[in-house]
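Structure file model_39.cif (mmCIF, C-alpha atoms) is printed below.
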```
data_my_file
#
loop_
_atom_site.group_PDB
_atom_site.id
_atom_site.type_symbol
_atom_site.label_atom_id
_atom_site.label_comp_id
_atom_site.auth_asym_id
_atom_site.auth_seq_id
_atom_site.Cartn_x
_atom_site.Cartn_y
_atom_site.Cartn_z
ATOM 1 C CA MET A 198 103.686 87.457 71.007
ATOM 2 C CA ASP A 199 106.118 88.135 68.162
ATOM 3 C CA LYS A 200 109.578 89.582 68.879
ATOM 4 C CA ASP A 201 108.914 92.939 67.212
ATOM 5 C CA LYS A 202 105.760 93.580 69.261
ATOM 6 C CA LYS A 203 107.554 92.520 72.445
ATOM 7 C CA LYS A 204 110.502 94.834 71.671
ATOM 8 C CA GLU A 205 108.094 97.724 71.044
ATOM 9 C CA ILE A 206 106.374 97.164 74.409
ATOM 10 C CA ILE A 207 109.718 96.895 76.238
ATOM 11 C CA ASN A 208 110.937 100.158 74.697
ATOM 12 C CA GLU A 209 107.729 101.895 75.805
ATOM 13 C CA LEU A 210 108.066 100.453 79.304
ATOM 14 C CA LYS A 211 111.687 101.666 79.540
ATOM 15 C CA LYS A 212 110.367 105.210 79.157
ATOM 16 C CA LYS A 213 108.544 104.651 82.462
ATOM 17 C CA ILE A 214 111.713 104.031 84.521
ATOM 18 C CA GLY A 215 111.516 106.306 87.561
ATOM 19 C CA LEU A 216 107.753 106.661 87.290
ATOM 20 C CA ILE A 217 105.976 106.683 90.656
ATOM 21 C CA LEU A 218 102.542 105.108 90.393
ATOM 22 C CA GLU A 219 99.461 106.291 92.250
ATOM 23 C CA PRO A 220 99.674 105.528 95.978
ATOM 24 C CA MET A 221 97.648 102.911 97.798
ATOM 25 C CA ILE A 222 96.613 102.700 101.442
ATOM 26 C CA TYR A 223 97.358 99.521 103.395
ATOM 27 C CA GLU A 224 95.810 98.673 106.747
ATOM 28 C CA VAL A 225 97.391 96.328 109.284
ATOM 29 C CA GLY A 226 94.927 94.230 111.281
ATOM 30 C CA ARG A 227 95.467 91.585 113.958
ATOM 31 C CA GLY A 228 93.451 89.037 111.981
ATOM 32 C CA GLU A 229 95.517 89.611 108.856
ATOM 33 C CA ILE A 230 98.748 89.292 110.871
ATOM 34 C CA ARG A 231 97.456 86.039 112.338
ATOM 35 C CA ARG A 232 96.554 84.618 108.916
ATOM 36 C CA PHE A 233 99.956 85.635 107.563
ATOM 37 C CA ILE A 234 101.906 83.937 110.359
ATOM 38 C CA GLU A 235 99.766 80.815 110.010
ATOM 39 C CA ALA A 236 100.452 80.750 106.264
ATOM 40 C CA VAL A 237 104.222 81.028 106.737
ATOM 41 C CA GLU A 238 104.124 78.800 109.858
ATOM 42 C CA ASP A 239 105.815 81.332 112.126
ATOM 43 C CA ASP A 240 104.871 80.714 115.748
ATOM 44 C CA ASN A 241 106.795 83.639 117.258
ATOM 45 C CA ARG A 242 104.588 84.868 120.112
ATOM 46 C CA LEU A 243 105.665 88.458 119.409
ATOM 47 C CA TYR A 244 103.172 88.455 116.535
ATOM 48 C CA PHE A 245 100.059 87.292 118.410
ATOM 49 C CA ASP A 246 100.514 87.090 122.213
ATOM 50 C CA GLU A 247 99.854 90.560 123.674
ATOM 51 C CA GLU A 248 101.050 89.681 127.188
ATOM 52 C CA TYR A 249 104.318 88.230 125.883
ATOM 53 C CA ALA A 250 104.850 91.033 123.339
ATOM 54 C CA ARG A 251 104.268 93.753 125.955
ATOM 55 C CA LYS A 252 107.353 92.508 127.847
ATOM 56 C CA THR A 253 109.631 92.792 124.807
ATOM 57 C CA ARG A 254 111.528 95.848 123.599
ATOM 58 C CA TYR A 255 108.615 96.491 121.199
ATOM 59 C CA GLY A 256 106.086 96.942 124.012
ATOM 60 C CA GLY A 257 103.334 95.144 122.112
ATOM 61 C CA ILE A 258 102.431 93.012 119.126
ATOM 62 C CA VAL A 259 104.218 93.748 115.854
ATOM 63 C CA ALA A 260 103.722 92.351 112.376
ATOM 64 C CA PRO A 261 106.319 89.875 111.121
ATOM 65 C CA PRO A 262 108.967 91.115 108.692
ATOM 66 C CA GLY A 263 107.546 91.359 105.201
ATOM 67 C CA PHE A 264 103.953 91.925 106.238
ATOM 68 C CA PHE A 265 102.788 95.491 105.647
ATOM 69 C CA GLY A 266 99.049 94.852 105.769
ATOM 70 C CA LEU A 267 96.473 94.643 103.007
ATOM 71 C CA PRO A 268 95.140 97.279 100.623
ATOM 72 C CA LEU A 269 92.282 99.361 101.951
ATOM 73 C CA GLY A 270 89.671 100.271 99.378
ATOM 74 C CA GLU A 271 90.002 99.905 95.640
ATOM 75 C CA VAL A 272 93.219 98.481 94.207
ATOM 76 C CA PRO A 273 94.184 100.379 91.045
ATOM 77 C CA GLY A 274 94.144 98.089 88.026
ATOM 78 C CA ILE A 275 92.937 94.987 89.889
ATOM 79 C CA GLY A 276 90.184 94.323 87.343
ATOM 80 C CA ILE A 277 92.604 94.280 84.432
ATOM 81 C CA HIS A 278 94.325 90.943 85.031
ATOM 82 C CA LEU A 279 93.492 88.850 88.097
ATOM 83 C CA ASP A 280 96.602 86.664 87.800
ATOM 84 C CA MET A 281 98.836 89.674 88.415
ATOM 85 C CA GLY A 282 97.849 89.741 92.080
ATOM 86 C CA ILE A 283 97.479 92.694 94.413
ATOM 87 C CA LEU A 284 101.157 93.624 94.441
ATOM 88 C CA LEU A 285 101.404 94.004 90.676
ATOM 89 C CA ALA A 286 97.928 95.290 89.877
ATOM 90 C CA PRO A 287 98.879 98.986 89.845
ATOM 91 C CA PHE A 288 101.430 98.253 87.133
ATOM 92 C CA SER A 289 98.723 96.731 84.942
ATOM 93 C CA LYS A 290 96.819 100.006 84.907
ATOM 94 C CA ASN A 291 99.771 102.347 84.506
ATOM 95 C CA LEU A 292 102.151 100.472 82.228
ATOM 96 C CA PRO A 293 100.584 99.521 78.884
ATOM 97 C CA GLY A 294 101.827 96.132 77.692
ATOM 98 C CA TRP A 295 103.020 95.100 81.161
ATOM 99 C CA VAL A 296 100.584 92.187 81.427
ATOM 100 C CA ASP A 297 101.550 90.846 77.993
ATOM 101 C CA ILE A 298 105.234 90.819 78.921
ATOM 102 C CA MET A 299 104.755 89.443 82.469
ATOM 103 C CA GLU A 300 102.603 86.409 81.672
ATOM 104 C CA SER A 301 105.654 84.154 81.880
ATOM 105 C CA ALA A 302 107.579 86.046 84.575
ATOM 106 C CA VAL A 303 109.388 84.442 87.487
ATOM 107 C CA ASN A 304 110.557 86.101 90.700
ATOM 108 C CA GLY A 305 114.273 86.896 90.425
ATOM 109 C CA SER A 306 114.578 88.348 93.924
ATOM 110 C CA THR A 307 112.728 90.070 96.727
ATOM 111 C CA GLU A 308 114.501 92.370 99.180
ATOM 112 C CA PHE A 309 113.144 94.157 102.234
ATOM 113 C CA GLU A 310 114.484 97.075 104.212
ATOM 114 C CA PHE A 311 112.831 97.713 107.574
ATOM 115 C CA PHE A 312 112.947 101.053 109.343
ATOM 116 C CA LYS A 313 110.127 100.889 111.865
ATOM 117 C CA PRO A 314 107.984 98.084 113.338
ATOM 118 C CA VAL A 315 104.558 97.576 111.789
ATOM 119 C CA ARG A 316 101.793 97.229 114.381
ATOM 120 C CA PRO A 317 98.137 96.245 114.385
ATOM 121 C CA GLY A 318 96.063 99.314 113.606
ATOM 122 C CA ASP A 319 98.739 100.977 111.465
ATOM 123 C CA VAL A 320 97.610 102.573 108.226
ATOM 124 C CA LEU A 321 100.401 102.812 105.665
ATOM 125 C CA LEU A 322 100.680 104.710 102.417
ATOM 126 C CA THR A 323 102.564 102.798 99.729
ATOM 127 C CA TYR A 324 104.092 104.028 96.498
ATOM 128 C CA TYR A 325 105.303 101.871 93.608
ATOM 129 C CA ARG A 326 108.190 102.962 91.416
ATOM 130 C CA VAL A 327 109.754 101.396 88.339
ATOM 131 C CA ILE A 328 113.481 101.151 89.122
ATOM 132 C CA ASP A 329 114.978 99.453 86.086
ATOM 133 C CA ILE A 330 114.274 97.407 82.973
ATOM 134 C CA LYS A 331 117.226 95.530 81.460
ATOM 135 C CA GLU A 332 117.561 93.161 78.566
ATOM 136 C CA LYS A 333 120.111 90.380 78.710
ATOM 137 C CA GLU A 334 120.882 87.248 76.736
ATOM 138 C CA GLY A 335 120.311 84.107 78.821
ATOM 139 C CA LYS A 336 120.567 80.359 78.253
ATOM 140 C CA LEU A 337 116.928 80.260 77.166
ATOM 141 C CA GLY A 338 117.146 83.353 74.986
ATOM 142 C CA GLN A 339 116.496 87.057 75.499
ATOM 143 C CA MET A 340 115.617 87.919 79.114
ATOM 144 C CA VAL A 341 113.932 91.059 80.316
ATOM 145 C CA ILE A 342 114.671 91.923 83.943
ATOM 146 C CA PHE A 343 112.210 94.285 85.654
ATOM 147 C CA THR A 344 112.982 95.852 89.028
ATOM 148 C CA PHE A 345 110.419 97.817 90.982
ATOM 149 C CA GLU A 346 110.187 99.239 94.473
ATOM 150 C CA GLN A 347 107.333 99.628 96.912
ATOM 151 C CA THR A 348 107.842 102.195 99.683
ATOM 152 C CA PHE A 349 105.698 102.181 102.842
ATOM 153 C CA LYS A 350 105.189 105.273 105.030
ATOM 154 C CA ASP A 351 103.100 105.746 108.151
ATOM 155 C CA LYS A 352 100.483 108.431 108.858
ATOM 156 C CA ILE A 353 103.145 110.944 109.905
ATOM 157 C CA ASN A 354 105.152 110.272 106.714
ATOM 158 C CA CYS A 355 107.932 108.269 108.431
ATOM 159 C CA LEU A 356 109.531 105.576 106.301
ATOM 160 C CA VAL A 357 108.446 102.144 107.555
ATOM 161 C CA GLY A 358 109.853 99.813 104.902
ATOM 162 C CA ILE A 359 110.916 99.298 101.327
ATOM 163 C CA LEU A 360 110.216 96.216 99.221
ATOM 164 C CA ARG A 361 112.273 95.707 96.049
ATOM 165 C CA THR A 362 111.245 93.016 93.590
ATOM 166 C CA THR A 363 112.970 91.766 90.461
ATOM 167 C CA LEU A 364 110.938 89.838 87.900
ATOM 168 C CA ILE A 365 112.467 87.997 84.959
ATOM 169 C CA THR A 366 110.684 87.066 81.755
ATOM 170 C CA TYR A 367 111.698 85.547 78.428
#
```

Go ahead and express the file in the form of structure tokens.
Amino acid sequence: MDKDKKKEIINELKKKIGLILEPMIYEVGRGEIRRFIEAVEDDNRLYFDEEYARKTRYGGIVAPPGFFGLPLGEVPGIGIHLDMGILLAPFSKNLPGWVDIMESAVNGSTEFEFFKPVRPGDVLLTYYRVIDIKEKEGKLGQMVIFTFEQTFKDKINCLVGILRTTLITY
């Protein structure tokens, strides 16, 4: 992509700072928790052993930090660009030019804030919001730094967690 086209897309995307994208529903299942802990090789019994977990301060199984379940139903924008993954799919639909800019993106950081344990059977509503888009000169040239936030709330609208992600592209 030429520099002028890229600059045009970035300027359009900057107009979307603060935009809250359409919400998605996530569901937390025991099987999904189990697959997650196997993938990250976390053998903490709190995440899978009901008898053990019942004796802890949590009173039962909880999901490990960073696992908020999987989308329930249709994922907005998922058909637009499969490489974007579930987490970024809603941006593909709502931010024109996003996919073109993010093809060479790397993860700059991921931060979590936890407010309430996530448990099997929970259904969470999640909202995405564009926090910031900055341009900065780097060693490899012009960088664009995108920051977005994903907020998770439970069925009674209590804040469960916040995920903030920074992506960097040249």

Problem set entry | Residue among A:Gly257, A:Leu243, A:Lys213, A:Tyr367 lying closest to Met299 of chain A, counting all atoms listed in the file |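 Result for the nearest residue to Met299 of chain A: A:Tyr367.
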
For this session: Please measure the separation of atom CA of Thr344 of chain A and atom CA of Glu238 of chain A, giving the value in Å to one decimal.
Result: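 Computing the Euclidean distance for atom CA of Thr344 of chain A and atom CA of Glu238 of chain A yields 28.3 Å.
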
On this structure, which residues satisfy the PyMOL selection byres ((chain A and resi 203) around 12), written as a PDB file with C-alpha atoms, keeping the file's coordinate frame?
```pdb
ATOM      1  CA  MET A 198     103.686  87.457  71.007  1.00  0.00           C
ATOM      2  CA  ASP A 199     106.118  88.135  68.162  1.00  0.00           C
ATOM      3  CA  LYS A 200     109.578  89.582  68.879  1.00  0.00           C
ATOM      4  CA  ASP A 201     108.914  92.939  67.212  1.00  0.00           C
ATOM      5  CA  LYS A 202     105.760  93.580  69.261  1.00  0.00           C
ATOM      6  CA  LYS A 204     110.502  94.834  71.671  1.00  0.00           C
ATOM      7  CA  GLU A 205     108.094  97.724  71.044  1.00  0.00           C
ATOM      8  CA  ILE A 206     106.374  97.164  74.409  1.00  0.00           C
ATOM      9  CA  ILE A 207     109.718  96.895  76.238  1.00  0.00           C
ATOM     10  CA  ASN A 208     110.937 100.158  74.697  1.00  0.00           C
ATOM     11  CA  GLU A 209     107.729 101.895  75.805  1.00  0.00           C
ATOM     12  CA  LEU A 210     108.066 100.453  79.304  1.00  0.00           C
ATOM     13  CA  PRO A 293     100.584  99.521  78.884  1.00  0.00           C
ATOM     14  CA  GLY A 294     101.827  96.132  77.692  1.00  0.00           C
ATOM     15  CA  TRP A 295     103.020  95.100  81.161  1.00  0.00           C
ATOM     16  CA  VAL A 296     100.584  92.187  81.427  1.00  0.00           C
ATOM     17  CA  ASP A 297     101.550  90.846  77.993  1.00  0.00           C
ATOM     18  CA  ILE A 298     105.234  90.819  78.921  1.00  0.00           C
ATOM     19  CA  MET A 299     104.755  89.443  82.469  1.00  0.00           C
ATOM     20  CA  GLU A 332     117.561  93.161  78.566  1.00  0.00           C
ATOM     21  CA  GLN A 339     116.496  87.057  75.499  1.00  0.00           C
ATOM     22  CA  MET A 340     115.617  87.919  79.114  1.00  0.00           C
ATOM     23  CA  VAL A 341     113.932  91.059  80.316  1.00  0.00           C
ATOM     24  CA  THR A 366     110.684  87.066  81.755  1.00  0.00           C
ATOM     25  CA  TYR A 367     111.698  85.547  78.428  1.00  0.00           C
TER      26      TYR A 367
END
```

Once the PyMOL selection byres ((chain A and resi 349-356) around 12) has been applied to the shown file, what residues remain in the selection, as an mmCIF file with C-alpha atoms, keeping the file's coordinate frame?
```
data_model
loop_
_atom_site.group_PDB
_atom_site.id
_atom_site.type_symbol
_atom_site.label_atom_id
_atom_site.label_comp_id
_atom_site.auth_asym_id
_atom_site.auth_seq_id
_atom_site.Cartn_x
_atom_site.Cartn_y
_atom_site.Cartn_z
ATOM 1 C CA PRO A 220 99.674 105.528 95.978
ATOM 2 C CA MET A 221 97.648 102.911 97.798
ATOM 3 C CA ILE A 222 96.613 102.700 101.442
ATOM 4 C CA TYR A 223 97.358 99.521 103.395
ATOM 5 C CA GLU A 224 95.810 98.673 106.747
ATOM 6 C CA VAL A 225 97.391 96.328 109.284
ATOM 7 C CA GLY A 263 107.546 91.359 105.201
ATOM 8 C CA PHE A 264 103.953 91.925 106.238
ATOM 9 C CA PHE A 265 102.788 95.491 105.647
ATOM 10 C CA GLY A 266 99.049 94.852 105.769
ATOM 11 C CA LEU A 267 96.473 94.643 103.007
ATOM 12 C CA PRO A 268 95.140 97.279 100.623
ATOM 13 C CA PHE A 309 113.144 94.157 102.234
ATOM 14 C CA GLU A 310 114.484 97.075 104.212
ATOM 15 C CA PHE A 311 112.831 97.713 107.574
ATOM 16 C CA PHE A 312 112.947 101.053 109.343
ATOM 17 C CA LYS A 313 110.127 100.889 111.865
ATOM 18 C CA PRO A 314 107.984 98.084 113.338
ATOM 19 C CA VAL A 315 104.558 97.576 111.789
ATOM 20 C CA ARG A 316 101.793 97.229 114.381
ATOM 21 C CA GLY A 318 96.063 99.314 113.606
ATOM 22 C CA ASP A 319 98.739 100.977 111.465
ATOM 23 C CA VAL A 320 97.610 102.573 108.226
ATOM 24 C CA LEU A 321 100.401 102.812 105.665
ATOM 25 C CA LEU A 322 100.680 104.710 102.417
ATOM 26 C CA THR A 323 102.564 102.798 99.729
ATOM 27 C CA TYR A 324 104.092 104.028 96.498
ATOM 28 C CA TYR A 325 105.303 101.871 93.608
ATOM 29 C CA ARG A 326 108.190 102.962 91.416
ATOM 30 C CA GLU A 346 110.187 99.239 94.473
ATOM 31 C CA GLN A 347 107.333 99.628 96.912
ATOM 32 C CA THR A 348 107.842 102.195 99.683
ATOM 33 C CA VAL A 357 108.446 102.144 107.555
ATOM 34 C CA GLY A 358 109.853 99.813 104.902
ATOM 35 C CA ILE A 359 110.916 99.298 101.327
ATOM 36 C CA LEU A 360 110.216 96.216 99.221
ATOM 37 C CA ARG A 361 112.273 95.707 96.049
#
```

Exercise. At what distance in Å, to one decimal, does atom CA of Arg254 of chain A lie from atom CA of Thr307 of chain A?
Worked result: 27.5 Å

Problem set entry | Distance in Å - atom CA of Glu219 of chain A versus atom CA of Asp329 of chain A |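 So the two atoms, atom CA of Glu219 of chain A and atom CA of Asp329 of chain A, lie 18.0 Å apart.
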
Can you list, as a tab-separated table (two decimals) with C-alpha atoms, in the frame of the given file, the residues that the PyMOL selection byres ((chain A and resi 242) around 12) selects here?
```
chain	number	residue	atom	x	y	z
A	230	ILE	CA	98.75	89.29	110.87
A	231	ARG	CA	97.46	86.04	112.34
A	234	ILE	CA	101.91	83.94	110.36
A	235	GLU	CA	99.77	80.82	110.01
A	238	GLU	CA	104.12	78.80	109.86
A	239	ASP	CA	105.82	81.33	112.13
A	240	ASP	CA	104.87	80.71	115.75
A	241	ASN	CA	106.80	83.64	117.26
A	243	LEU	CA	105.66	88.46	119.41
A	244	TYR	CA	103.17	88.46	116.54
A	245	PHE	CA	100.06	87.29	118.41
A	246	ASP	CA	100.51	87.09	122.21
A	247	GLU	CA	99.85	90.56	123.67
A	248	GLU	CA	101.05	89.68	127.19
A	249	TYR	CA	104.32	88.23	125.88
A	250	ALA	CA	104.85	91.03	123.34
A	251	ARG	CA	104.27	93.75	125.96
A	252	LYS	CA	107.35	92.51	127.85
A	253	THR	CA	109.63	92.79	124.81
A	257	GLY	CA	103.33	95.14	122.11
A	258	ILE	CA	102.43	93.01	119.13
A	259	VAL	CA	104.22	93.75	115.85
A	260	ALA	CA	103.72	92.35	112.38
A	261	PRO	CA	106.32	89.88	111.12
```

Problem set entry | Selected residue, from A:Phe233, A:Thr362, A:Gly226, A:Ser306, that lies nearest to Leu269 of chain A when counting all atoms listed in the file |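 Going through A:Phe233, A:Thr362, A:Gly226, A:Ser306 one by one, the smallest distance to Leu269 of chain A is for A:Gly226.
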
For this session: Point out the residue among A:Leu216, A:Leu292, A:Pro317, A:Gly256 with the least atom-to-atom distance to Gly228 of chain A, counting only C-alpha atoms.
Result: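 Distance minimum relative to Gly228 of chain A lands on A:Pro317.
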